[in-house]
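A.B. asks: Here it is, the structure in full.
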Amino acid sequence: MPGTCVIGLQWGDEAKGKLVDLLAPNFDIVCRFLGGSNAGHTVVTGDTTYKLHLIPSGILNAETTNVIAPGVVLNPGTIIDELNGLTAQGLTTDNLLISERVHVVFPWHIAEDKLLNAKKIKGESIGTTLRGIGPCYCDKVGRSFAIRLGDMYRDDFADRVRSIVEAKNAILIGIGGDDSEPLEAEAIIAEYSGYAEALKSYVRDTTHFMLDAVDDGCSILFEGAQGALLDIDHGTFPFVTSSNSSGVGVSGGSGIPARHINKVIGVIKAYSTRVGGGPFPTEQDNEDGQRLRELGNEYGTTTGRPRRCGWFDAVAVRYTSRLSGATALSLMMMDVISQIPEVKICVAYELDGERITNFPCDADDLRRVKPIYETYAGWDTDLTNTTNYDEFPQAAKDYVARIAELVGVPVEVVSVGPDRAQTIVLTDGVTALAGLNS
Ligand code: GDP
Ligand code: IMO
Ligand code: MG
């Protein structure tokens, strides 16, 4: 069974959604395995733009089954809005399955996220998306206050909410929410029972569904969310999200053993962006960063926040590529970098007078590193209508080749604009890119 993964290798928003949409028609199943509505994936085809948060980006392809696997945390109100939005845009959503094992985001998670995010760690706020993601994962790991989607269909659901609300009201006051309105259990029960009813037809034991599909030889595309530098264990902790967003998270979140995965496509931008707090060694908090933001329209899909922008960081991406087991790279936003007069790639850091190429573990060390750059003259060419890589200026090809060399993984896709059509596949067709030739 061919299993292929699409994983962001930076701090999210690498255009994973665009790549998943391109590959989806080649797969039987597209599986989202982590995160929640903190993610925002934009897919553009012709005049239509789709914004997805929880639903896999394979949904545009009616032939592919889209699975939301156990590792996801689900806000049911948000997914219902998303489903309604897609239906209004003329898409079918009958091909969506949601695991009964996903943990449910409740209003107390969002209230906790607001209170906790206001607090500083190491002098800075995490700058979460305020979607209740961290608190929901905390409750999942803590177990006592957790509710899974399947639990919402059981007789003791209302009683569980009542007892959790009682505890959570005390916790919210304890963490500094003295003036917050107390949560009303009965209102939450009524609201969430309505959601449960509306979602019923989608809910399934997706773990057995996918394991059976594997036995039957079906192909699965695993859709990452966030980016590997936001991984809870391996990213720029504590300025990370609350799940394993690098390649190491695929099996845990989906329930499909690693031995079924034979290709990992790491998605990268030709520069770097980050939303929220935390160290960002190559950040350009200056005119260069501003130019990248405007040319790349770097504003968050989920929160609308301006993204912090900077140069491509080969130290960081080599690390996340190795960590994620990337076997191919998809290099996005080449049209954006092509409008910059002089471009830089960070090839190493200097820390305490020493040149290092391993990505440091500590956020304070990462704040102190000085990037060592290679500088290239820009190529000032509009690539947005280019469909043939041979037509790229030599300087642009050199830039692509240098990134591949520094990361140690071949570039198999180059993207020159948001539209599905603005994608140049360097392998022998999309089937080879999808990893389905072997
Ligand atoms: P994701 O979260 O990784 O799926 O990425 P987002 O959708 O949040 O952010 C990527 C943004 O870049 C979206 O608005 C895409 O439509 C857009 N995009 C994707 N590829 C390209 C590209 O090659 N060039 C430009 N200019 N925009 C792109
Ligand atoms: P996609 O899938 C970019 C960031 C937040 C914050 C940190 C923790 O679109 O690439 P959280 O709400 O998860 O507790 O916030 O992680 N973050 C993202 N940044 N793209 C995302 O998703 C993100 N999901 C979370 O900005 O810094
Ligand atoms: Mg995004």
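Numbering starts fresh at 1 for the residues of each chain in the structure tokens, the chains themselves are lettered A, B, ... in the order given, and ligands are numbered from 1 as they appear.
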Using only C-alpha atoms and all ligand atoms, which protein or nucleic acid residues are at most 8 Å from ligand 3, as a ChimeraX atom specification?

C.D. replies: /A:12-17,39-42,225-226,300-302

A.B. asks: Take the residues from that selection and put them in a file with N, CA, C and O atoms, as a PDB file, in the first residue's frame.

C.D. replies:
ATOM      1  N   GLY A  12       4.704  26.379   9.536  1.00  0.00           N
ATOM      2  CA  GLY A  12       3.323  26.364   9.062  1.00  0.00           C
ATOM      3  C   GLY A  12       3.122  27.285   7.870  1.00  0.00           C
ATOM      4  O   GLY A  12       4.015  28.056   7.490  1.00  0.00           O
ATOM      5  N   ASP A  13       1.957  27.136   7.220  1.00  0.00           N
ATOM      6  CA  ASP A  13       1.565  27.978   6.087  1.00  0.00           C
ATOM      7  C   ASP A  13       2.512  27.865   4.904  1.00  0.00           C
ATOM      8  O   ASP A  13       2.707  28.825   4.156  1.00  0.00           O
ATOM      9  N   GLU A  14       3.083  26.687   4.711  1.00  0.00           N
ATOM     10  CA  GLU A  14       4.015  26.486   3.594  1.00  0.00           C
ATOM     11  C   GLU A  14       3.275  26.227   2.286  1.00  0.00           C
ATOM     12  O   GLU A  14       3.888  26.054   1.239  1.00  0.00           O
ATOM     13  N   ALA A  15       1.939  26.160   2.350  1.00  0.00           N
ATOM     14  CA  ALA A  15       1.079  25.842   1.199  1.00  0.00           C
ATOM     15  C   ALA A  15       0.909  24.331   1.056  1.00  0.00           C
ATOM     16  O   ALA A  15       0.869  23.787  -0.052  1.00  0.00           O
ATOM     17  N   LYS A  16       0.764  23.680   2.190  1.00  0.00           N
ATOM     18  CA  LYS A  16       0.503  22.233   2.200  1.00  0.00           C
ATOM     19  C   LYS A  16      -0.831  21.935   1.516  1.00  0.00           C
ATOM     20  O   LYS A  16      -0.967  20.959   0.782  1.00  0.00           O
ATOM     21  N   GLY A  17      -1.826  22.809   1.792  1.00  0.00           N
ATOM     22  CA  GLY A  17      -3.165  22.596   1.231  1.00  0.00           C
ATOM     23  C   GLY A  17      -3.126  22.533  -0.283  1.00  0.00           C
ATOM     24  O   GLY A  17      -3.750  21.677  -0.900  1.00  0.00           O
ATOM     25  N   ALA A  39      -5.310  25.367  12.138  1.00  0.00           N
ATOM     26  CA  ALA A  39      -4.799  25.301  10.767  1.00  0.00           C
ATOM     27  C   ALA A  39      -5.694  26.105   9.833  1.00  0.00           C
ATOM     28  O   ALA A  39      -6.892  26.215  10.049  1.00  0.00           O
ATOM     29  N   GLY A  40      -5.084  26.649   8.804  1.00  0.00           N
ATOM     30  CA  GLY A  40      -5.848  27.308   7.750  1.00  0.00           C
ATOM     31  C   GLY A  40      -5.174  27.007   6.432  1.00  0.00           C
ATOM     32  O   GLY A  40      -4.015  27.355   6.235  1.00  0.00           O
ATOM     33  N   HIS A  41      -5.876  26.285   5.565  1.00  0.00           N
ATOM     34  CA  HIS A  41      -5.279  25.883   4.297  1.00  0.00           C
ATOM     35  C   HIS A  41      -6.089  26.503   3.162  1.00  0.00           C
ATOM     36  O   HIS A  41      -7.299  26.313   3.090  1.00  0.00           O
ATOM     37  N   THR A  42      -5.415  27.226   2.293  1.00  0.00           N
ATOM     38  CA  THR A  42      -6.101  27.880   1.182  1.00  0.00           C
ATOM     39  C   THR A  42      -5.815  27.118  -0.103  1.00  0.00           C
ATOM     40  O   THR A  42      -4.657  26.839  -0.408  1.00  0.00           O
ATOM     41  N   ALA A 225      -0.554  19.294   9.127  1.00  0.00           N
ATOM     42  CA  ALA A 225      -0.989  20.653   9.460  1.00  0.00           C
ATOM     43  C   ALA A 225       0.133  21.273  10.270  1.00  0.00           C
ATOM     44  O   ALA A 225       1.045  20.582  10.724  1.00  0.00           O
ATOM     45  N   GLN A 226       0.082  22.590  10.415  1.00  0.00           N
ATOM     46  CA  GLN A 226       1.169  23.317  11.071  1.00  0.00           C
ATOM     47  C   GLN A 226       2.496  22.988  10.358  1.00  0.00           C
ATOM     48  O   GLN A 226       2.480  22.653   9.194  1.00  0.00           O
ATOM     49  N   GLY A 300      -2.390  35.593   7.965  1.00  0.00           N
ATOM     50  CA  GLY A 300      -2.889  34.263   8.343  1.00  0.00           C
ATOM     51  C   GLY A 300      -4.268  33.929   7.804  1.00  0.00           C
ATOM     52  O   GLY A 300      -5.162  34.780   7.811  1.00  0.00           O
ATOM     53  N   THR A 301      -4.444  32.680   7.339  1.00  0.00           N
ATOM     54  CA  THR A 301      -5.745  32.205   6.844  1.00  0.00           C
ATOM     55  C   THR A 301      -6.739  32.085   8.003  1.00  0.00           C
ATOM     56  O   THR A 301      -7.932  32.301   7.831  1.00  0.00           O
ATOM     57  N   THR A 302      -6.245  31.744   9.195  1.00  0.00           N
ATOM     58  CA  THR A 302      -7.137  31.511  10.323  1.00  0.00           C
ATOM     59  C   THR A 302      -7.399  32.784  11.114  1.00  0.00           C
ATOM     60  O   THR A 302      -8.538  33.100  11.442  1.00  0.00           O
TER      61      THR A 302
END

A.B. asks: Could you list, as a short mmCIF file (atom, residue, chain, number, x, y, z; two decimals) with N, CA and C atoms, in the first residue's frame, all residues that come within 9 Å of ligand 1? Count only C-alpha atoms and all ligand atoms.

C.D. replies:
data_model
loop_
_atom_site.label_atom_id
_atom_site.label_comp_id
_atom_site.auth_asym_id
_atom_site.auth_seq_id
_atom_site.Cartn_x
_atom_site.Cartn_y
_atom_site.Cartn_z
N ILE A 7 4.23 17.18 4.56
CA ILE A 7 4.56 17.75 5.86
C ILE A 7 5.20 19.13 5.67
N GLY A 8 4.73 20.11 6.41
CA GLY A 8 5.36 21.44 6.39
C GLY A 8 6.66 21.38 7.16
N GLY A 12 4.70 26.38 9.54
CA GLY A 12 3.32 26.36 9.06
C GLY A 12 3.12 27.29 7.87
N ASP A 13 1.96 27.14 7.22
CA ASP A 13 1.56 27.98 6.09
C ASP A 13 2.51 27.87 4.90
N GLU A 14 3.08 26.69 4.71
CA GLU A 14 4.01 26.49 3.59
C GLU A 14 3.28 26.23 2.29
N ALA A 15 1.94 26.16 2.35
CA ALA A 15 1.08 25.84 1.20
C ALA A 15 0.91 24.33 1.06
N LYS A 16 0.76 23.68 2.19
CA LYS A 16 0.50 22.23 2.20
C LYS A 16 -0.83 21.93 1.52
N GLY A 17 -1.83 22.81 1.79
CA GLY A 17 -3.16 22.60 1.23
C GLY A 17 -3.13 22.53 -0.28
N LYS A 18 -2.35 23.44 -0.88
CA LYS A 18 -2.25 23.46 -2.34
C LYS A 18 -1.68 22.14 -2.86
N LEU A 19 -0.65 21.63 -2.21
CA LEU A 19 -0.01 20.40 -2.68
C LEU A 19 -0.93 19.20 -2.49
N VAL A 20 -1.61 19.14 -1.34
CA VAL A 20 -2.52 18.02 -1.09
C VAL A 20 -3.63 18.01 -2.14
N ALA A 39 -5.31 25.37 12.14
CA ALA A 39 -4.80 25.30 10.77
C ALA A 39 -5.69 26.11 9.83
N GLY A 40 -5.08 26.65 8.80
CA GLY A 40 -5.85 27.31 7.75
C GLY A 40 -5.17 27.01 6.43
N HIS A 41 -5.88 26.29 5.57
CA HIS A 41 -5.28 25.88 4.30
C HIS A 41 -6.09 26.50 3.16
N THR A 42 -5.42 27.23 2.29
CA THR A 42 -6.10 27.88 1.18
C THR A 42 -5.81 27.12 -0.10
N VAL A 43 -6.87 26.79 -0.82
CA VAL A 43 -6.71 26.10 -2.10
C VAL A 43 -7.39 26.96 -3.17
N VAL A 44 -6.65 27.26 -4.24
CA VAL A 44 -7.18 28.13 -5.29
C VAL A 44 -7.22 27.36 -6.60
N THR A 49 -11.77 30.12 -4.54
CA THR A 49 -10.84 29.93 -3.42
C THR A 49 -11.56 29.18 -2.31
N TYR A 50 -10.94 28.13 -1.80
CA TYR A 50 -11.50 27.36 -0.69
C TYR A 50 -10.60 27.56 0.52
N LYS A 51 -11.25 27.80 1.66
CA LYS A 51 -10.49 27.95 2.92
C LYS A 51 -10.86 26.78 3.83
N LEU A 52 -9.88 26.00 4.20
CA LEU A 52 -10.14 24.79 5.00
C LEU A 52 -9.39 24.88 6.33
N HIS A 53 -10.02 24.38 7.36
CA HIS A 53 -9.38 24.40 8.69
C HIS A 53 -9.27 22.98 9.26
N SER A 57 -7.72 18.77 2.60
CA SER A 57 -7.75 19.50 1.32
C SER A 57 -8.02 18.58 0.14
N GLY A 224 -0.40 16.85 6.46
CA GLY A 224 0.09 17.52 7.66
C GLY A 224 -0.63 18.83 7.90
N ALA A 225 -0.55 19.29 9.13
CA ALA A 225 -0.99 20.65 9.46
C ALA A 225 0.13 21.27 10.27
N GLN A 226 0.08 22.59 10.42
CA GLN A 226 1.17 23.32 11.07
C GLN A 226 2.50 22.99 10.36
N GLY A 227 3.60 23.11 11.09
CA GLY A 227 4.89 22.82 10.46
C GLY A 227 5.80 22.17 11.48
N VAL A 267 7.18 20.28 2.51
CA VAL A 267 6.77 21.51 1.82
C VAL A 267 7.50 22.69 2.47
N ILE A 268 8.10 23.52 1.61
CA ILE A 268 8.83 24.69 2.11
C ILE A 268 8.52 25.90 1.24
N LYS A 269 8.58 27.06 1.86
CA LYS A 269 8.54 28.30 1.09
C LYS A 269 9.96 28.65 0.69
N ALA A 270 10.08 29.47 -0.33
CA ALA A 270 11.42 29.90 -0.78
C ALA A 270 12.02 30.91 0.20
N LEU A 295 4.38 41.01 -1.00
CA LEU A 295 4.41 40.24 -2.25
C LEU A 295 3.80 38.85 -2.07
N GLY A 296 4.03 38.27 -0.90
CA GLY A 296 3.51 36.90 -0.65
C GLY A 296 2.14 36.91 -0.01
N ASN A 297 1.57 38.10 0.20
CA ASN A 297 0.27 38.23 0.87
C ASN A 297 0.28 37.42 2.17
N GLU A 298 1.28 37.66 2.98
CA GLU A 298 1.52 36.83 4.15
C GLU A 298 0.69 37.30 5.36
N TYR A 299 -0.58 36.96 5.30
CA TYR A 299 -1.51 37.23 6.39
C TYR A 299 -2.23 35.92 6.68
N GLY A 300 -2.39 35.59 7.97
CA GLY A 300 -2.89 34.26 8.34
C GLY A 300 -4.27 33.93 7.80
N THR A 301 -4.44 32.68 7.34
CA THR A 301 -5.74 32.21 6.84
C THR A 301 -6.74 32.09 8.00
N THR A 302 -6.24 31.74 9.19
CA THR A 302 -7.14 31.51 10.32
C THR A 302 -7.40 32.78 11.11
N LEU A 331 8.88 23.16 -3.31
CA LEU A 331 9.35 24.52 -3.03
C LEU A 331 8.33 25.53 -3.54
N MET A 332 7.69 26.22 -2.60
CA MET A 332 6.57 27.09 -2.94
C MET A 332 7.03 28.56 -2.97
N MET A 333 6.19 29.40 -3.56
CA MET A 333 6.38 30.87 -3.53
C MET A 333 7.62 31.32 -4.32
N MET A 334 7.99 30.55 -5.34
CA MET A 334 9.13 30.99 -6.14
C MET A 334 8.82 32.29 -6.87
N ASP A 335 7.53 32.54 -7.15
CA ASP A 335 7.15 33.82 -7.79
C ASP A 335 7.43 34.99 -6.86
N VAL A 336 7.27 34.77 -5.56
CA VAL A 336 7.45 35.86 -4.60
C VAL A 336 8.93 36.22 -4.48
N THR A 384 5.11 33.82 -12.82
CA THR A 384 3.75 33.35 -12.51
C THR A 384 3.09 32.60 -13.68
N VAL A 414 7.98 22.84 -7.95
CA VAL A 414 8.23 24.26 -7.77
C VAL A 414 6.90 24.97 -8.02
N SER A 415 6.51 25.84 -7.09
CA SER A 415 5.22 26.51 -7.23
C SER A 415 5.45 27.99 -7.53
N VAL A 416 4.68 28.50 -8.48
CA VAL A 416 4.90 29.89 -8.94
C VAL A 416 3.66 30.76 -8.78
N GLY A 417 2.73 30.34 -7.95
CA GLY A 417 1.52 31.14 -7.71
C GLY A 417 0.51 30.29 -6.97
N PRO A 418 -0.56 30.92 -6.44
CA PRO A 418 -1.51 30.18 -5.62
C PRO A 418 -2.37 29.18 -6.39
N ASP A 419 -2.57 29.39 -7.67
CA ASP A 419 -3.50 28.53 -8.40
C ASP A 419 -2.93 27.13 -8.61
N ARG A 420 -3.86 26.18 -8.60
CA ARG A 420 -3.49 24.78 -8.85
C ARG A 420 -2.64 24.65 -10.11
N GLN A 422 -0.59 26.75 -11.32
CA GLN A 422 0.74 27.38 -11.22
C GLN A 422 1.71 26.48 -10.44
N THR A 423 1.81 25.25 -10.89
CA THR A 423 2.63 24.27 -10.19
C THR A 423 3.47 23.53 -11.23
#

A.B. asks: So that I can check the surroundings of range 236-243 of chain A, please list as an MDAnalysis selection string every protein, DNA and RNA residue that reaches within 8 Å of it, counting only C-alpha atoms and ignoring chain neighbours fewer than 5 positions away.

C.D. replies: chainID A and resid 34:35 121 126 128 133:134 137 226 229:231 249 277:279 361:363

A.B. asks: Among range 10-145 of chain A, which ones does DSSP assign to helix (DSSP H, G or I) (computed from the backbone)? Answer as a PyMOL selection string.

C.D. replies: chain A and resi 16-26+57-60+76-88+107-117+133-142

A.B. asks: For those residues, write N, CA and C atoms to a file as a compact mmCIF listing (two decimals), in the first residue's frame.

C.D. replies:
# COMPACT_ATOMS: atom_id res chain seq x y z
N LYS A 16 0.76 23.68 2.19
CA LYS A 16 0.50 22.23 2.20
C LYS A 16 -0.83 21.93 1.52
N GLY A 17 -1.83 22.81 1.79
CA GLY A 17 -3.16 22.60 1.23
C GLY A 17 -3.13 22.53 -0.28
N LYS A 18 -2.35 23.44 -0.88
CA LYS A 18 -2.25 23.46 -2.34
C LYS A 18 -1.68 22.14 -2.86
N LEU A 19 -0.65 21.63 -2.21
CA LEU A 19 -0.01 20.40 -2.68
C LEU A 19 -0.93 19.20 -2.49
N VAL A 20 -1.61 19.14 -1.34
CA VAL A 20 -2.52 18.02 -1.09
C VAL A 20 -3.63 18.01 -2.14
N ASP A 21 -4.16 19.18 -2.46
CA ASP A 21 -5.21 19.26 -3.48
C ASP A 21 -4.71 18.74 -4.83
N LEU A 22 -3.46 19.05 -5.15
CA LEU A 22 -2.89 18.60 -6.42
C LEU A 22 -2.75 17.08 -6.46
N LEU A 23 -2.34 16.50 -5.33
CA LEU A 23 -2.05 15.07 -5.30
C LEU A 23 -3.29 14.20 -5.07
N ALA A 24 -4.31 14.78 -4.44
CA ALA A 24 -5.46 13.98 -3.96
C ALA A 24 -6.08 13.06 -5.01
N PRO A 25 -6.26 13.50 -6.27
CA PRO A 25 -6.92 12.61 -7.24
C PRO A 25 -6.18 11.28 -7.45
N ASN A 26 -4.92 11.22 -7.04
CA ASN A 26 -4.15 9.98 -7.20
C ASN A 26 -4.34 9.00 -6.06
N SER A 57 -7.72 18.77 2.60
CA SER A 57 -7.75 19.50 1.32
C SER A 57 -8.02 18.58 0.14
N GLY A 58 -8.19 17.28 0.41
CA GLY A 58 -8.58 16.36 -0.65
C GLY A 58 -10.08 16.44 -0.95
N ILE A 59 -10.82 17.23 -0.20
CA ILE A 59 -12.28 17.26 -0.30
C ILE A 59 -12.75 17.80 -1.66
N LEU A 60 -11.89 18.52 -2.35
CA LEU A 60 -12.29 19.06 -3.65
C LEU A 60 -12.42 17.95 -4.69
N PRO A 76 -16.68 21.10 16.87
CA PRO A 76 -17.78 20.67 16.00
C PRO A 76 -18.51 21.83 15.34
N GLY A 77 -18.62 22.98 16.04
CA GLY A 77 -19.29 24.14 15.42
C GLY A 77 -18.51 24.62 14.21
N THR A 78 -17.18 24.61 14.34
CA THR A 78 -16.33 25.09 13.23
C THR A 78 -16.44 24.17 12.02
N ILE A 79 -16.45 22.86 12.28
CA ILE A 79 -16.49 21.96 11.11
C ILE A 79 -17.86 22.02 10.44
N ILE A 80 -18.90 22.25 11.21
CA ILE A 80 -20.23 22.37 10.60
C ILE A 80 -20.27 23.61 9.70
N ASP A 81 -19.71 24.72 10.19
CA ASP A 81 -19.64 25.93 9.34
C ASP A 81 -18.85 25.64 8.07
N GLU A 82 -17.76 24.90 8.25
CA GLU A 82 -16.90 24.60 7.09
C GLU A 82 -17.65 23.72 6.08
N LEU A 83 -18.37 22.73 6.60
CA LEU A 83 -19.15 21.85 5.73
C LEU A 83 -20.20 22.65 4.97
N ASN A 84 -20.89 23.55 5.70
CA ASN A 84 -21.92 24.37 5.04
C ASN A 84 -21.31 25.26 3.98
N GLY A 85 -20.13 25.81 4.29
CA GLY A 85 -19.45 26.68 3.33
C GLY A 85 -19.09 25.93 2.05
N LEU A 86 -18.57 24.71 2.21
CA LEU A 86 -18.18 23.93 1.03
C LEU A 86 -19.40 23.54 0.21
N THR A 87 -20.49 23.18 0.91
CA THR A 87 -21.72 22.81 0.19
C THR A 87 -22.22 24.03 -0.59
N ALA A 88 -22.15 25.21 0.04
CA ALA A 88 -22.60 26.43 -0.66
C ALA A 88 -21.72 26.70 -1.87
N PRO A 107 -16.12 25.06 24.90
CA PRO A 107 -15.91 26.48 25.23
C PRO A 107 -14.89 26.69 26.35
N TRP A 108 -14.77 25.72 27.29
CA TRP A 108 -13.79 25.93 28.35
C TRP A 108 -12.36 25.90 27.81
N HIS A 109 -12.14 25.14 26.73
CA HIS A 109 -10.80 25.12 26.14
C HIS A 109 -10.45 26.49 25.56
N ILE A 110 -11.43 27.09 24.94
CA ILE A 110 -11.18 28.40 24.31
C ILE A 110 -10.97 29.45 25.41
N ALA A 111 -11.76 29.36 26.48
CA ALA A 111 -11.59 30.30 27.60
C ALA A 111 -10.21 30.12 28.23
N GLU A 112 -9.77 28.88 28.41
CA GLU A 112 -8.44 28.63 28.98
C GLU A 112 -7.33 29.15 28.06
N ASP A 113 -7.51 28.92 26.78
CA ASP A 113 -6.50 29.36 25.80
C ASP A 113 -6.31 30.88 25.92
N LYS A 114 -7.44 31.62 26.01
CA LYS A 114 -7.34 33.08 26.12
C LYS A 114 -6.57 33.49 27.37
N LEU A 115 -6.92 32.86 28.49
CA LEU A 115 -6.27 33.24 29.76
C LEU A 115 -4.79 32.87 29.76
N LEU A 116 -4.48 31.67 29.27
CA LEU A 116 -3.09 31.21 29.32
C LEU A 116 -2.21 31.93 28.31
N ASN A 117 -2.79 32.21 27.15
CA ASN A 117 -2.00 32.88 26.11
C ASN A 117 -1.63 34.31 26.52
N ILE A 133 -6.79 24.89 21.22
CA ILE A 133 -6.07 23.68 20.81
C ILE A 133 -5.22 23.11 21.97
N GLY A 134 -4.37 23.96 22.55
CA GLY A 134 -3.49 23.49 23.63
C GLY A 134 -4.30 22.91 24.80
N PRO A 135 -5.28 23.65 25.31
CA PRO A 135 -6.07 23.12 26.43
C PRO A 135 -6.81 21.82 26.09
N CYS A 136 -7.26 21.66 24.86
CA CYS A 136 -7.94 20.41 24.50
C CYS A 136 -6.94 19.24 24.51
N TYR A 137 -5.75 19.46 23.95
CA TYR A 137 -4.73 18.39 24.00
C TYR A 137 -4.31 18.12 25.45
N CYS A 138 -4.27 19.18 26.30
CA CYS A 138 -3.94 18.96 27.72
C CYS A 138 -4.96 18.01 28.34
N ASP A 139 -6.23 18.25 28.07
CA ASP A 139 -7.27 17.40 28.66
C ASP A 139 -7.23 15.99 28.10
N LYS A 140 -6.86 15.87 26.84
CA LYS A 140 -6.72 14.53 26.25
C LYS A 140 -5.64 13.75 27.01
N VAL A 141 -4.50 14.38 27.21
CA VAL A 141 -3.41 13.69 27.90
C VAL A 141 -3.75 13.51 29.38
N GLY A 142 -4.44 14.49 29.97
CA GLY A 142 -4.83 14.40 31.37
C GLY A 142 -5.96 13.41 31.62

A.B. asks: Can you list, as a ChimeraX atom specification, every protein, DNA or RNA residue that comes within 12 Å of Gly325 in chain A when you count only C-alpha atoms, leaving out same-chain residues fewer than 5 positions away?

C.D. replies: /A:4-9,228,246-250,258,261-266,317-320,407-409

A.B. asks: Find the residues near Leu96 in chain A: any atom within 7 Å, counting only C-alpha atoms, skip ones fewer than 4 places away on the same chain, and give them as a list in words.

C.D. replies: Thr65, Asn66, Val67 and Tyr202 of chain A

A.B. asks: Take the residues just selected and output them with N, CA, C and O atoms as a PDB file, in the first residue's frame.

C.D. replies:
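Writing the result to result-v3.pdb gives the following:
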ATOM      1  N   THR A  65     -11.813   9.553  -0.520  1.00  0.00           N
ATOM      2  CA  THR A  65     -12.394   9.579   0.829  1.00  0.00           C
ATOM      3  C   THR A  65     -11.487  10.409   1.724  1.00  0.00           C
ATOM      4  O   THR A  65     -10.270  10.207   1.743  1.00  0.00           O
ATOM      5  N   ASN A  66     -12.078  11.350   2.433  1.00  0.00           N
ATOM      6  CA  ASN A  66     -11.298  12.231   3.315  1.00  0.00           C
ATOM      7  C   ASN A  66     -11.552  11.837   4.757  1.00  0.00           C
ATOM      8  O   ASN A  66     -12.702  11.811   5.197  1.00  0.00           O
ATOM      9  N   VAL A  67     -10.474  11.562   5.470  1.00  0.00           N
ATOM     10  CA  VAL A  67     -10.603  11.042   6.831  1.00  0.00           C
ATOM     11  C   VAL A  67     -10.003  12.037   7.831  1.00  0.00           C
ATOM     12  O   VAL A  67      -8.882  12.510   7.639  1.00  0.00           O
ATOM     13  N   TYR A 202     -21.242  11.429   9.597  1.00  0.00           N
ATOM     14  CA  TYR A 202     -19.821  11.411   9.232  1.00  0.00           C
ATOM     15  C   TYR A 202     -18.972  10.572  10.196  1.00  0.00           C
ATOM     16  O   TYR A 202     -17.825  10.268   9.908  1.00  0.00           O
TER      17      TYR A 202
END

A.B. asks: Using only C-alpha atoms, pick whichever of A:Gly378, A:Gly255, A:Gly46, A:Gly177 has the shortest atom-to-atom distance to Asp205 in chain A.

C.D. replies: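 Checking each candidate against Asp205 in chain A, we get A:Gly255 as the closest.
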